[in-house]
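A.B. asks: This is the structure I have questions about; it appears just below.
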Amino acid sequence: MTAPSQTPPHKSRLRRVLPVLLVNVLVLLALEGLASTITVVRVGIERMRPLGERAHTRYDPELGWVNIPNLSLPDLYGPGASFRTNAQGFRNDVPITDAVPTGRVRIVCSGDSFTLGYGVSNDQAWCNHLAALDGRLEPVNMGQGGYGIDQAYLWYRRDGTAFAHDVQVFAFITVDFGRMRDAAFLGYPKPVLAIEGGRLVTRNVPVPSKSEARIKLRELIRTAAMFRTVQLMQSWLSRPAPSPPPRADTADPLRPVVAGVFESLRELHRRRGSTLVLVYLPMQADYAEVRDTDAWRTFIRDEAQRAEIAFVDLVDDLRTIPSHELGSYFIKAGESTYGRGEGHYTVRGNDFIARALYRKLVAIEAVAARLERASAASGALPGNGDRR
C-alpha cells in the first residue's frame, strides 16, 4: 500500500500565505495611487543616472574617490559649463606651484560639491571666482562631490599640505556632518573618522573597492524600499529592531569627532604659520530656520570661539535674499544635464557666495594683513571685490 503524499510544511504555509500577501499588495498598491508610484519610479530613475563625480574621479584607497589629474571635460554640466583638473587633481586650470607667487595670497578651498562647483564651469565656482574679485588672491579648489567633513579633512591633510599657502577655507553644508556617520556615500565606500583614546583615528581604510554594477544594484534595492508596501512586507517577514531613544543634540557622538577635525586643522596651520577659516555654506532649505542647521551653526560657532579659529557663517546672508529671487541662486530639478545637480548653486548663486565670503574674509585681521603684505610686495592696488 502506497503511503499518502504529504506536502512539506514550509510549502503548505507558503500556499496559505501567498494569496493573502498578493491581495494585500494589490490593495496597498491601489491605495498608494498612481502619483506615488510615479514619484518612486522617478526617484529610481534619478538614482540610476550617472553621478557627475563618476566622470572625473577614480578610486582612492585612503579617500574613497579623488579627482583624475590633467582631465578636461568640455560641457560636462551643459553648454559652456566645462570641468578641468590640473596636474594635482584640483579643479584649477593650471598646476599649483610649491611656493606662493609674489604679490599673491593663496587660498585653499576644502569642501564638497558646493565648493567644487557642481553644475558650473571652473571659473564660475565660488572658490575660483574669488580671483576675479581680488587679483591678489590665488584660489586652489579642493572641493569634491560627495565628500563629508571627514574626507575633505583627509584630502587636505594628505595633498593640500604639499605646497605653500596662506589660508585654508574649510567649507561645509549641514549634510556633510551626517555623511561622517556612514562608511559609504550612495553605495561608494569611504573612510570614517572616530575618536579613540582621545585621538582622532581613521577607520575603514584601505577603503574597499566595489564594482559599479554592485553599487547600482544596491541603489535599486534602496529605491524599492521606498515603497510602503515593501516596507510593510518586510515588517511581516522580520522583527523590526527597536528604535533608539531620542538623543539631545549635545550628546551627538559626531560632535567630538568634528571638534577633533577642527583641532587637528588648527594645529596644522599653527605649525605652518597659515590661517584656518571655517565656513558654513547655506543650502536652499536653510532659507527658513532649520533645526539641524541652526543647531550645528551654534555648535560650530562656539567650538570655533573656544579654539580661536576664524568662523564665517553665510546662512544669514542667504536669508537676506528676497524670497521671490531665491530660486535663481540654486539649480532646479531638470536643469542639470548630468547627474544630481539639483540644489547646487547656479552661476548667480556662486557669485553671491563668493562676494559674501570675500567681504567677510577681508574683515579677518590675519587675512587682511596678508593681503596688505601682498599689495606691498607687488605694488598692486587693493582688491575690487564688492564689500557692500
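Ordering of the C-alpha cells sets the chain letters (A, B, ...), residue numbers begin anew at 1 in every chain, and ligands are numbered from 1 in the order given.
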Residues at most 12 Å from region 131-136 of chain A, counting only C-alpha atoms, excluding those fewer than 6 positions away in the same chain, as a VMD selection string?
C.D. replies: chain A and resid 92 100 to 107 122 to 125 166 351 to 359 361 to 362 367 to 368 370 to 387
A.B. asks: I'd like the neighbourhood of Glu196 (chain A) as a ChimeraX atom specification, where a residue qualifies if any of its atoms comes within 12 Å (using only C-alpha atoms), though same-chain residues fewer than 6 positions away should be ignored.
C.D. replies: /A:202-203,256-257,260
A.B. asks: Would you export the selected residues with N, CA and C atoms as a compact mmCIF listing (two decimals), in the first residue's frame, please?
C.D. replies:
```
# COMPACT_ATOMS: atom_id res chain seq x y z
N THR A 202 41.37 57.07 11.84
CA THR A 202 40.66 56.79 10.59
C THR A 202 40.35 55.30 10.50
N ARG A 203 39.08 54.98 10.27
CA ARG A 203 38.66 53.59 10.10
C ARG A 203 38.24 53.34 8.65
N PRO A 256 32.29 65.34 19.08
CA PRO A 256 33.72 65.24 19.42
C PRO A 256 34.60 64.98 18.21
N VAL A 257 34.07 64.25 17.22
CA VAL A 257 34.84 63.97 16.02
C VAL A 257 35.04 65.25 15.21
N GLY A 260 37.46 67.30 16.88
CA GLY A 260 38.80 66.76 16.67
C GLY A 260 39.37 67.15 15.32
```
A.B. asks: Counting only C-alpha atoms, what are the residues of region 120-172 of chain A within 8 Å of region 268-282 of chain A, and for each of them which pair of atoms is the nearest and at what distance in Å, to one decimal? Sort the table by chain and rising number, as a tab-separated table.
C.D. replies:
```
residue	atom	partner	partner_atom	distance
A:His165	CA	A:Ser274	CA	7.0
A:Asp166	CA	A:Ser274	CA	4.8
A:Val167	CA	A:Thr275	CA	4.6
A:Gln168	CA	A:Leu276	CA	5.0
A:Val169	CA	A:Val277	CA	4.9
A:Phe170	CA	A:Leu278	CA	4.9
A:Ala171	CA	A:Val279	CA	4.5
A:Phe172	CA	A:Tyr280	CA	5.4
```
A.B. asks: Could you write out the selected residues, including C-alpha atoms, as a PDB file, in the first residue's frame?
C.D. replies:
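Below is the file out05.pdb, written as the result:
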```pdb
ATOM      1  CA  HIS A 165      49.558  78.546   1.028  1.00  0.00           C
ATOM      2  CA  ASP A 166      48.360  81.342   3.267  1.00  0.00           C
ATOM      3  CA  VAL A 167      44.733  80.499   4.074  1.00  0.00           C
ATOM      4  CA  GLN A 168      42.533  77.439   4.130  1.00  0.00           C
ATOM      5  CA  VAL A 169      38.809  77.973   3.731  1.00  0.00           C
ATOM      6  CA  PHE A 170      37.292  74.793   5.171  1.00  0.00           C
ATOM      7  CA  ALA A 171      33.704  74.919   3.914  1.00  0.00           C
ATOM      8  CA  PHE A 172      30.754  72.651   4.672  1.00  0.00           C
TER       9      PHE A 172
END
```
A.B. asks: Skip Pro74 (chain A) itself and residues of its chain fewer than 3 positions away, then list as a PyMOL selection string all residues within 12 Å of it, counting only C-alpha atoms.
C.D. replies: chain A and resi 55-56+71+77-85+120-122
A.B. asks: Pull C-alpha atoms from the residues just selected and write them as a short mmCIF file (atom, residue, chain, number, x, y, z; two decimals), in the first residue's frame.
C.D. replies:
```
data_model
loop_
_atom_site.label_atom_id
_atom_site.label_comp_id
_atom_site.auth_asym_id
_atom_site.auth_seq_id
_atom_site.Cartn_x
_atom_site.Cartn_y
_atom_site.Cartn_z
CA ALA A 55 33.16 61.33 -14.91
CA HIS A 56 36.14 62.91 -13.19
CA LEU A 71 41.42 65.98 -17.05
CA TYR A 77 27.39 70.19 -16.89
CA GLY A 78 25.93 71.70 -20.06
CA PRO A 79 26.99 74.09 -22.84
CA GLY A 80 29.92 76.17 -21.62
CA ALA A 81 29.96 74.50 -18.20
CA SER A 82 33.21 72.59 -18.59
CA PHE A 83 35.26 70.75 -15.99
CA ARG A 84 39.06 70.71 -15.81
CA THR A 85 41.62 69.47 -13.30
CA VAL A 120 29.03 75.41 -13.36
CA SER A 121 32.34 75.92 -15.16
CA ASN A 122 35.71 76.15 -13.40
#
```
A.B. asks: DSSP on the backbone, then: every residue of region 101-302 of chain A marked strand (DSSP E or B), written as a count of residues only.
C.D. replies: 40
A.B. asks: Write out as CSV the residues of region 106-215 of chain A that have any atom within 12 Å of an atom of region 332-347 of chain A, one row each with the nearest atom pair and its distance in Å to one decimal, counting only C-alpha atoms, sorted by chain and then rising number.
C.D. replies:
```
residue,atom,partner,partner_atom,distance
A:Asp112,CA,A:His344,CA,10.8
A:Ser113,CA,A:His344,CA,7.9
A:Phe114,CA,A:His344,CA,6.2
A:Thr115,CA,A:Tyr345,CA,9.5
A:Leu116,CA,A:His344,CA,10.3
A:Gly117,CA,A:Tyr345,CA,7.5
A:Tyr118,CA,A:Gly341,CA,6.5
A:Gly119,CA,A:Gly341,CA,6.0
A:Val120,CA,A:Val347,CA,6.4
A:Ser121,CA,A:Val347,CA,8.6
A:Asn122,CA,A:Val347,CA,10.8
A:Asp123,CA,A:Val347,CA,9.8
A:Gln124,CA,A:Val347,CA,6.1
A:Ala125,CA,A:Val347,CA,7.6
A:Trp126,CA,A:Val347,CA,8.6
A:His129,CA,A:Val347,CA,10.1
A:Gly145,CA,A:Arg340,CA,10.3
A:Gly146,CA,A:Arg340,CA,10.8
A:Ile173,CA,A:His344,CA,11.1
A:Leu186,CA,A:Arg340,CA,11.7
```
A.B. asks: Considering only C-alpha atoms, can you say which of A:Ala87, A:Ile195, A:Ala304, A:Ala184 comes closest to Pro208 (chain A)?
C.D. replies: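 Using only C-alpha atoms, the shortest distance to Pro208 (chain A) belongs to A:Ala184.
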A.B. asks: Would you work out the distance separating CA of Ala183 (chain A) from CA of Glu62 (chain A), expressed in Å to one decimal?
C.D. replies: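 Result for CA of Ala183 (chain A) versus CA of Glu62 (chain A): 12.4 Å, one decimal.
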A.B. asks: Just want the 12 Å neighbourhood of Glu325 (chain A), counted on only C-alpha atoms, with same-chain residues fewer than 3 positions away dropped. Output as an NGL selection string.
C.D. replies: :A and (284 or 287 or 318-322 or 328-330 or 348-349)
A.B. asks: Please, could you write that set of residues out with C-alpha atoms as a short mmCIF file (atom, residue, chain, number, x, y, z; two decimals), in the first residue's frame?
C.D. replies:
```cif
data_model
loop_
_atom_site.label_atom_id
_atom_site.label_comp_id
_atom_site.auth_asym_id
_atom_site.auth_seq_id
_atom_site.Cartn_x
_atom_site.Cartn_y
_atom_site.Cartn_z
CA GLN A 284 18.31 76.33 -0.23
CA TYR A 287 16.43 79.92 3.85
CA LEU A 318 21.25 83.77 2.25
CA ARG A 319 18.27 84.77 4.34
CA THR A 320 18.65 88.39 3.21
CA ILE A 321 17.75 87.45 -0.37
CA PRO A 322 14.17 88.37 -1.35
CA SER A 328 17.65 81.84 -9.24
CA TYR A 329 20.50 81.05 -6.83
CA PHE A 330 20.01 77.27 -6.92
CA ARG A 348 24.37 83.62 -9.71
CA GLY A 349 24.47 81.60 -6.52
#
```
A.B. asks: Identify which of the residues A:Arg179, A:Arg157, A:Arg54, A:Lys210 lies closest to Phe262 (chain A), counting only C-alpha atoms when measuring atom-to-atom distances.
C.D. replies: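 Distance minimum relative to Phe262 (chain A) lands on A:Arg157.
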A.B. asks: DSSP on the backbone: which residues in region 144-202 of chain A end up as helix (DSSP H, G or I)? Give the answer as a short mmCIF file (atom, residue, chain, number, x, y, z; two decimals) with C-alpha atoms, in the first residue's frame.
C.D. replies:
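The file below, states_14.cif, is the result:
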```
data_model
loop_
_atom_site.label_atom_id
_atom_site.label_comp_id
_atom_site.auth_asym_id
_atom_site.auth_seq_id
_atom_site.Cartn_x
_atom_site.Cartn_y
_atom_site.Cartn_z
CA ILE A 149 33.94 66.81 6.55
CA ASP A 150 35.99 63.67 7.13
CA GLN A 151 37.12 63.21 3.52
CA ALA A 152 37.68 66.94 2.95
CA TYR A 153 39.95 66.95 6.01
CA LEU A 154 41.83 63.79 4.98
CA TRP A 155 42.40 65.04 1.42
CA TYR A 156 43.73 68.37 2.65
CA ARG A 157 45.99 66.70 5.21
CA ARG A 158 47.45 64.40 2.57
CA ASP A 159 47.66 66.59 -0.55
CA GLY A 160 46.82 70.13 0.50
CA THR A 161 49.82 70.43 2.79
CA ALA A 162 52.25 69.56 0.00
CA VAL A 175 24.53 67.29 5.30
CA ASP A 176 28.33 66.99 5.43
CA PHE A 177 28.06 66.19 9.13
CA GLY A 178 25.66 63.31 8.50
CA ARG A 179 27.96 61.87 5.84
#
```
A.B. asks: Using CA of Lys190 (chain A) and CA of Leu63 (chain A) as the two end points, give the distance in Å to one decimal.
C.D. replies: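 Computed distance, CA of Lys190 (chain A) to CA of Leu63 (chain A), equals 6.2 Å.
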